[in-house]
Every structure is written in structure tokens, then in C-alpha cells.
>>> print(open('my_file08.cif').read())   # mmCIF, C-alpha atoms
data_target
loop_
_atom_site.group_PDB
_atom_site.id
_atom_site.type_symbol
_atom_site.label_atom_id
_atom_site.label_comp_id
_atom_site.auth_asym_id
_atom_site.auth_seq_id
_atom_site.Cartn_x
_atom_site.Cartn_y
_atom_site.Cartn_z
ATOM 1 C CA MET A 1028 64.481 338.325 5.757
ATOM 2 C CA ILE A 1029 63.432 339.620 9.185
ATOM 3 C CA PRO A 1030 59.759 340.672 9.261
ATOM 4 C CA PHE A 1031 59.250 344.421 9.607
ATOM 5 C CA ILE A 1032 56.313 346.529 10.763
ATOM 6 C CA ASP A 1033 55.756 350.097 9.527
ATOM 7 C CA VAL A 1034 52.944 351.871 11.395
ATOM 8 C CA GLU A 1035 52.060 355.557 11.603
ATOM 9 C CA VAL A 1036 49.202 357.728 12.833
ATOM 10 C CA THR A 1037 49.407 361.225 11.363
ATOM 11 C CA THR A 1038 47.431 364.415 10.884
ATOM 12 C CA SER A 1039 49.293 365.024 7.601
ATOM 13 C CA PRO A 1040 47.866 363.823 4.273
ATOM 14 C CA LEU A 1041 49.001 360.325 3.287
ATOM 15 C CA ASP A 1042 51.559 360.265 0.472
ATOM 16 C CA LEU A 1043 50.320 357.214 -1.429
ATOM 17 C CA THR A 1044 53.227 357.243 -3.871
ATOM 18 C CA ARG A 1045 55.748 357.167 -1.022
ATOM 19 C CA LEU A 1046 53.816 354.408 0.765
ATOM 20 C CA HIS A 1047 53.574 352.258 -2.387
ATOM 21 C CA ASP A 1048 57.286 352.817 -3.028
ATOM 22 C CA ARG A 1049 58.076 351.798 0.566
ATOM 23 C CA LEU A 1050 56.028 348.646 0.152
ATOM 24 C CA GLN A 1051 58.035 347.722 -2.956
ATOM 25 C CA GLU A 1052 61.498 348.275 -1.424
ATOM 26 C CA ASP A 1053 63.137 344.885 -0.974
ATOM 27 C CA ASP A 1054 65.793 342.553 -2.254
ATOM 28 C CA ALA A 1055 63.506 341.145 -4.975
ATOM 29 C CA SER A 1056 62.811 338.001 -2.940
ATOM 30 C CA SER A 1057 59.160 338.951 -2.456
ATOM 31 C CA GLY A 1058 56.748 337.417 -4.890
ATOM 32 C CA ALA A 1059 53.692 339.334 -3.765
ATOM 33 C CA ILE A 1060 52.655 342.823 -2.712
ATOM 34 C CA SER A 1061 49.148 343.957 -1.836
ATOM 35 C CA SER A 1062 47.645 347.155 -0.478
ATOM 36 C CA PHE A 1063 44.360 348.791 0.405
ATOM 37 C CA VAL A 1064 43.535 352.501 0.481
ATOM 38 C CA GLY A 1065 40.441 353.743 2.293
ATOM 39 C CA ARG A 1066 39.132 357.204 1.349
ATOM 40 C CA VAL A 1067 36.527 359.627 2.669
ATOM 41 C CA ARG A 1068 33.419 358.817 0.672
ATOM 42 C CA GLY A 1069 30.574 361.203 0.093
ATOM 43 C CA GLY A 1070 26.852 360.698 0.226
ATOM 44 C CA GLU A 1071 23.911 361.808 2.333
ATOM 45 C CA GLY A 1072 25.221 365.389 2.327
ATOM 46 C CA LEU A 1073 28.564 364.563 3.946
ATOM 47 C CA THR A 1074 31.103 367.374 3.508
ATOM 48 C CA ALA A 1075 34.036 366.087 5.590
ATOM 49 C CA LEU A 1076 35.118 363.381 8.007
ATOM 50 C CA GLU A 1077 36.966 363.920 11.266
ATOM 51 C CA LEU A 1078 38.897 361.243 13.129
ATOM 52 C CA GLU A 1079 40.235 361.802 16.615
ATOM 53 C CA ALA A 1080 42.951 359.623 18.100
ATOM 54 C CA TYR A 1081 45.379 359.632 21.000
ATOM 55 C CA GLU A 1082 48.416 358.852 18.843
ATOM 56 C CA PRO A 1083 50.525 356.805 21.306
ATOM 57 C CA VAL A 1084 47.669 354.449 22.186
ATOM 58 C CA THR A 1085 46.306 354.218 18.639
ATOM 59 C CA ARG A 1086 49.793 353.505 17.296
ATOM 60 C CA LEU A 1087 50.241 350.633 19.782
ATOM 61 C CA SER A 1088 46.914 349.180 18.683
ATOM 62 C CA LEU A 1089 47.906 349.333 15.014
ATOM 63 C CA GLU A 1090 51.294 347.780 15.809
ATOM 64 C CA GLN A 1091 49.555 344.890 17.556
ATOM 65 C CA ILE A 1092 47.269 344.337 14.571
ATOM 66 C CA ALA A 1093 50.289 344.297 12.206
ATOM 67 C CA ARG A 1094 52.215 341.997 14.578
ATOM 68 C CA THR A 1095 49.296 339.559 14.710
ATOM 69 C CA ALA A 1096 49.188 339.561 10.898
ATOM 70 C CA GLN A 1097 52.890 338.693 10.811
ATOM 71 C CA GLU A 1098 52.355 335.880 13.311
ATOM 72 C CA ARG A 1099 49.543 334.427 11.183
ATOM 73 C CA TRP A 1100 51.022 334.902 7.684
ATOM 74 C CA PRO A 1101 54.673 334.808 6.482
ATOM 75 C CA LEU A 1102 55.008 338.549 5.850
ATOM 76 C CA GLU A 1103 58.234 340.402 5.175
ATOM 77 C CA LEU A 1104 56.520 343.754 5.740
ATOM 78 C CA ALA A 1105 53.191 344.787 7.293
ATOM 79 C CA MET A 1106 52.198 348.449 6.933
ATOM 80 C CA ILE A 1107 49.382 350.506 8.418
ATOM 81 C CA HIS A 1108 49.379 354.299 7.988
ATOM 82 C CA HIS A 1109 46.275 356.066 9.257
ATOM 83 C CA ARG A 1110 45.094 359.674 9.190
ATOM 84 C CA SER A 1111 43.483 361.597 11.982
ATOM 85 C CA GLY A 1112 42.054 365.101 11.929
ATOM 86 C CA LEU A 1113 39.590 366.745 9.537
ATOM 87 C CA MET A 1114 39.577 365.337 5.988
ATOM 88 C CA PRO A 1115 37.642 366.431 2.882
ATOM 89 C CA LEU A 1116 35.779 364.069 0.563
ATOM 90 C CA GLY A 1117 38.108 361.846 -1.466
ATOM 91 C CA GLU A 1118 41.025 362.215 0.963
ATOM 92 C CA PRO A 1119 42.901 358.969 1.753
ATOM 93 C CA ILE A 1120 42.237 357.903 5.353
ATOM 94 C CA VAL A 1121 44.193 354.674 5.626
ATOM 95 C CA PHE A 1122 46.857 352.723 3.759
ATOM 96 C CA VAL A 1123 47.334 349.044 4.606
ATOM 97 C CA GLY A 1124 49.971 346.992 2.837
ATOM 98 C CA ALA A 1125 51.855 343.727 2.997
ATOM 99 C CA ARG A 1126 54.805 342.095 1.258
ATOM 100 C CA SER A 1127 55.537 338.358 1.208
ATOM 101 C CA ALA A 1128 56.772 335.535 -0.952
ATOM 102 C CA HIS A 1129 53.184 334.377 -1.500
ATOM 103 C CA ARG A 1130 50.017 336.052 -2.815
ATOM 104 C CA VAL A 1131 47.626 334.370 -0.381
ATOM 105 C CA ALA A 1132 49.603 335.758 2.556
ATOM 106 C CA VAL A 1133 49.422 339.363 1.344
ATOM 107 C CA LEU A 1134 45.808 339.255 0.218
ATOM 108 C CA GLU A 1135 44.514 337.673 3.420
ATOM 109 C CA SER A 1136 46.718 339.730 5.738
ATOM 110 C CA VAL A 1137 45.689 343.051 4.182
ATOM 111 C CA ALA A 1138 42.022 342.066 4.490
ATOM 112 C CA TYR A 1139 42.629 341.025 8.101
ATOM 113 C CA MET A 1140 44.418 344.258 9.049
ATOM 114 C CA ILE A 1141 41.802 346.614 7.579
ATOM 115 C CA ASP A 1142 38.872 344.609 8.924
ATOM 116 C CA VAL A 1143 40.262 344.368 12.449
ATOM 117 C CA LEU A 1144 41.466 347.964 12.726
ATOM 118 C CA LYS A 1145 37.947 349.193 11.905
ATOM 119 C CA THR A 1146 36.750 347.866 15.274
ATOM 120 C CA GLU A 1147 39.889 347.571 17.429
ATOM 121 C CA ALA A 1148 41.914 350.707 16.718
ATOM 122 C CA PRO A 1149 40.842 353.554 19.015
ATOM 123 C CA PHE A 1150 39.577 356.247 16.660
ATOM 124 C CA TRP A 1151 36.567 358.473 17.238
ATOM 125 C CA LYS A 1152 34.758 359.318 14.027
ATOM 126 C CA ARG A 1153 32.622 362.393 13.401
ATOM 127 C CA GLU A 1154 30.838 363.150 10.152
ATOM 128 C CA HIS A 1155 30.442 366.779 9.060
ATOM 129 C CA PHE A 1156 27.474 368.054 7.082
ATOM 130 C CA ASP A 1157 26.547 371.592 5.965
ATOM 131 C CA ASN A 1158 24.911 372.601 9.248
ATOM 132 C CA THR A 1159 25.657 369.796 11.688
ATOM 133 C CA THR A 1160 27.968 367.022 12.790
ATOM 134 C CA ARG A 1161 27.359 363.558 14.222
ATOM 135 C CA TRP A 1162 29.486 360.935 15.939
ATOM 136 C CA VAL A 1163 29.542 357.567 14.192
ATOM 137 C CA GLU A 1164 29.154 354.253 15.993
ATOM 138 C CA ALA A 1165 30.794 351.025 14.846
ATOM 139 C CA ARG A 1166 28.851 349.286 12.094
ATOM 140 C CA THR A 1167 27.536 345.769 12.574
ATOM 141 C CA SER A 1168 29.114 344.761 9.256
ATOM 142 C CA ASP A 1169 32.553 345.891 10.535
ATOM 143 C CA GLU A 1170 32.072 343.948 13.764
ATOM 144 C CA ASN A 1171 31.074 340.849 11.780
ATOM 145 C CA ARG A 1172 34.207 341.065 9.602
ATOM 146 C CA ALA A 1173 36.453 341.442 12.666
ATOM 147 C CA ARG A 1174 34.709 338.484 14.317
ATOM 148 C CA HIS A 1175 35.279 336.403 11.152
ATOM 149 C CA TRP A 1176 39.030 336.993 11.401
ATOM 150 C CA GLN A 1177 39.154 336.326 15.134
ATOM 151 C CA GLU A 1178 37.431 332.978 14.559
ATOM 152 C CA THR A 1179 39.706 332.186 11.602
ATOM 153 C CA ILE A 1180 42.905 332.947 13.521
ATOM 154 C CA GLU A 1181 41.908 331.040 16.656
#
>>> encode(input="my_file08.cif", output="C-alpha cells")
Amino acid sequence: MIPFIDVEVTTSPLDLTRLHDRLQEDDASSGAISSFVGRVRGGEGLTALELEAYEPVTRLSLEQIARTAQERWPLELAMIHHRSGLMPLGEPIVFVGARSAHRVAVLESVAYMIDVLKTEAPFWKREHFDNTTRWVEARTSDENRARHWQETIE
């Protein structure tokens, strides 16, 4: 089977059922499927999250992350669908999925893709509160996870 990449950056809500169904479409040769869904989490008075992206550039970045995953692991399908725009609490932000003959490939590749996109994909993140907003910088923990994968792949 020829490896396939399915990447999208959208302002529309993510249809998780459709994405899970897409991940499971194959000729039954895959032995493993894995996915990750990131959602807007509350806390500290957060009311919404806003992500800004320049879609053509962000899409290319996500495609490169998925392509690198396919070069490292024997994936039949690598998927990254990411939201931009204003999202309420609980809203899915990102869906990352992989399909392969082997469980280790899908588990590691999904972890790689979500960890690396947190620091490499060009999104600008703003948190909304009742009376204010603030831009969010990259977290050290996200940078450490991305560095782990870069060291592992090299």
C-alpha cells in the first residue's frame, strides 16, 4: 500500500466521527490504528481559545511533520487535522491519527506528530478570559518533548 498523508487546517469544527472513519478506511491489511484528540481545556477562568494561522504555510508545516513520521515509521496513513479560529471550552482543536501494520509504529508516530506540531507548526495562540485576553508562549515541556523526538529520529 502506498503511504498517504491527510492534512487539513480549518476554521470549521472537527468532525471526529468522520476523521475516525477515515482513519479506519483500508483494505483490512492494517493491524493497528491510533489517534489523539486535543481539546480546549478550562481552568484559571479561561472562557475560550483562539488560534490564528496562515493556512497555506501552516498546512505545509503539518504536511512535513506527517511526511517525517512516514519516513521514520511504516505508516499507511498519517493524519493531522487542526482547527484555527475562536473555540469554546471542550471543543476539539486537533486530531492526529496513524494507520499501520504494527502497533508500535502508530503509537510512536502519533506521539511524535502531536509533540512536534506543538512547537513547529505556525499557530498563534490567544487565551480569552471574562475581561481580557493574553497571547500564549510555547511551554518548556512542549519544547522538551519536541527535542526528545528530534534526538530520537536523528
>>> atom_distance(input="my_file08.cif", atom1="CA of Arg1110 in chain A", atom2="CA of Pro1040 in chain A")
7.0 Å
>>> closest_residue(input="my_file08.cif", among="A:Val1036, A:Leu1113, A:Met1140, A:Val1123", to="Thr1095 in chain A", atoms="only C-alpha atoms")
A:Met1140
>>> resolve_selection(input="my_file08.cif", expression="the PyMOL selection byres ((chain A and resi 1076) around 8)", output="JSON list (two decimals) with C-alpha atoms, in the coordinates of the input")
[["chain", "number", "residue", "atom", "x", "y", "z"],
["A", 1067, "VAL", "CA", 36.53, 359.63, 2.67],
["A", 1073, "LEU", "CA", 28.56, 364.56, 3.95],
["A", 1074, "THR", "CA", 31.10, 367.37, 3.51],
["A", 1075, "ALA", "CA", 34.04, 366.09, 5.59],
["A", 1077, "GLU", "CA", 36.97, 363.92, 11.27],
["A", 1078, "LEU", "CA", 38.90, 361.24, 13.13],
["A", 1113, "LEU", "CA", 39.59, 366.74, 9.54],
["A", 1114, "MET", "CA", 39.58, 365.34, 5.99],
["A", 1115, "PRO", "CA", 37.64, 366.43, 2.88],
["A", 1116, "LEU", "CA", 35.78, 364.07, 0.56],
["A", 1152, "LYS", "CA", 34.76, 359.32, 14.03],
["A", 1153, "ARG", "CA", 32.62, 362.39, 13.40],
["A", 1154, "GLU", "CA", 30.84, 363.15, 10.15],
["A", 1155, "HIS", "CA", 30.44, 366.78, 9.06]]
>>> resolve_selection(input="my_file08.cif", expression="the PyMOL selection byres ((chain A and resi 1139) around 10)", output="count of residues only")
23
>>> atom_distance(input="my_file08.cif", atom1="CA of Ala1125 in chain A", atom2="CA of Leu1102 in chain A")
6.7 Å
>>> atom_distance(input="my_file08.cif", atom1="CA of His1129 in chain A", atom2="CA of Glu1098 in chain A")
14.9 Å
>>> closest_residue(input="my_file08.cif", among="A:Asp1048, A:Ile1032, A:His1109, A:Glu1170", to="Glu1079 in chain A", atoms="all atoms listed in the file")
A:His1109
>>> residues_around(input="my_file08.cif", residues="Leu1043 in chain A", least_positions_apart="3", cutoff="8 Å", atoms="all atoms listed in the file", output="list in words")
Leu1046, His1047 and Phe1122 of chain A
>>> residues_around(input="my_file08.cif", residues="Glu1035 in chain A", least_positions_apart="4", cutoff="8 Å", atoms="all atoms listed in the file", output="VMD selection string")
chain A and resid 1086 1107 to 1109
>>> residues_around(input="my_file08.cif", residues="Glu1082 in chain A", least_positions_apart="4", cutoff="10 Å", atoms="all atoms listed in the file", output="number ranges by chain")
A: 1035-1038, 1086-1088, 1111, 1149-1150
>>> resolve_selection(input="my_file08.cif", expression="the PyMOL selection byres ((chain A and resi 1103) around 6)", output="VMD selection string")
chain A and resid 1030 1102 1104 1126 to 1127
>>> axis_aligned_box(input="my_file08.cif", around="range 1088-1096 of chain A", padding_each_side="4 Å", output="AutoDock Vina command-line options")
--center_x 49.6 --center_y 344.4 --center_z 14.8 --size_x 13.3 --size_y 17.8 --size_z 15.8
>>> closest_residue(input="my_file08.cif", among="A:Gln1051, A:Thr1146, A:Ser1056, A:Asn1171", to="Leu1089 in chain A", atoms="all atoms listed in the file")
A:Thr1146
>>> decode(input="my_file08.cif", residues="range 1111-1130 of chain A", atoms="N, CA, C and O atoms", output="tab-separated table (two decimals), in the first residue's frame")
chain	number	residue	atom	x	y	z
A	1111	SER	N	-8.40	26.31	13.56
A	1111	SER	CA	-7.97	27.67	13.86
A	1111	SER	C	-9.25	28.46	14.12
A	1111	SER	O	-10.35	27.96	13.93
A	1112	GLY	N	-9.09	29.68	14.61
A	1112	GLY	CA	-10.25	30.49	14.95
A	1112	GLY	C	-10.56	30.42	16.44
A	1112	GLY	O	-9.77	29.90	17.24
A	1113	LEU	N	-11.72	30.95	16.81
A	1113	LEU	CA	-12.16	31.02	18.21
A	1113	LEU	C	-12.91	29.74	18.56
A	1113	LEU	O	-13.84	29.36	17.85
A	1114	MET	N	-12.51	29.10	19.67
A	1114	MET	CA	-13.12	27.84	20.07
A	1114	MET	C	-13.52	27.87	21.54
A	1114	MET	O	-12.74	28.31	22.38
A	1115	PRO	N	-14.73	27.39	21.86
A	1115	PRO	CA	-15.17	27.34	23.26
A	1115	PRO	C	-14.52	26.18	24.00
A	1115	PRO	O	-13.92	25.28	23.40
A	1116	LEU	N	-14.67	26.18	25.32
A	1116	LEU	CA	-14.16	25.09	26.14
A	1116	LEU	C	-14.73	23.76	25.67
A	1116	LEU	O	-15.91	23.66	25.31
A	1117	GLY	N	-13.89	22.73	25.66
A	1117	GLY	CA	-14.32	21.39	25.27
A	1117	GLY	C	-14.25	21.12	23.78
A	1117	GLY	O	-14.36	19.98	23.35
A	1118	GLU	N	-14.10	22.15	22.97
A	1118	GLU	CA	-14.06	21.99	21.51
A	1118	GLU	C	-12.78	21.26	21.08
A	1118	GLU	O	-11.70	21.58	21.55
A	1119	PRO	N	-12.89	20.26	20.18
A	1119	PRO	CA	-11.68	19.63	19.65
A	1119	PRO	C	-10.84	20.64	18.85
A	1119	PRO	O	-11.38	21.38	18.03
A	1120	ILE	N	-9.55	20.65	19.13
A	1120	ILE	CA	-8.60	21.54	18.45
A	1120	ILE	C	-7.85	20.78	17.37
A	1120	ILE	O	-7.61	21.30	16.29
A	1121	VAL	N	-7.43	19.56	17.69
A	1121	VAL	CA	-6.56	18.82	16.78
A	1121	VAL	C	-6.89	17.33	16.83
A	1121	VAL	O	-7.22	16.79	17.88
A	1122	PHE	N	-6.81	16.72	15.66
A	1122	PHE	CA	-6.93	15.26	15.52
A	1122	PHE	C	-5.67	14.78	14.82
A	1122	PHE	O	-5.33	15.28	13.74
A	1123	VAL	N	-4.97	13.85	15.44
A	1123	VAL	CA	-3.78	13.24	14.86
A	1123	VAL	C	-4.02	11.74	14.83
A	1123	VAL	O	-4.43	11.16	15.83
A	1124	GLY	N	-3.78	11.12	13.68
A	1124	GLY	CA	-4.01	9.69	13.57
A	1124	GLY	C	-3.00	9.01	12.68
A	1124	GLY	O	-2.36	9.66	11.84
A	1125	ALA	N	-2.88	7.70	12.86
A	1125	ALA	CA	-1.98	6.91	12.02
A	1125	ALA	C	-2.55	5.50	11.87
A	1125	ALA	O	-3.24	4.99	12.75
A	1126	ARG	N	-2.21	4.91	10.72
A	1126	ARG	CA	-2.61	3.52	10.43
A	1126	ARG	C	-1.38	2.79	9.90
A	1126	ARG	O	-0.64	3.33	9.08
A	1127	SER	N	-1.17	1.56	10.39
A	1127	SER	CA	-0.01	0.78	10.00
A	1127	SER	C	-0.28	-0.69	10.26
A	1127	SER	O	-1.29	-1.04	10.88
A	1128	ALA	N	0.64	-1.52	9.86
A	1128	ALA	CA	0.54	-2.94	10.16
A	1128	ALA	C	0.90	-3.23	11.62
A	1128	ALA	O	0.53	-4.26	12.15
A	1129	HIS	N	1.60	-2.29	12.26
A	1129	HIS	CA	2.16	-2.56	13.59
A	1129	HIS	C	1.79	-1.50	14.62
A	1129	HIS	O	1.80	-0.31	14.33
A	1130	ARG	N	1.50	-1.94	15.85
A	1130	ARG	CA	1.06	-1.02	16.90
A	1130	ARG	C	2.14	-0.03	17.31
A	1130	ARG	O	1.84	1.13	17.57
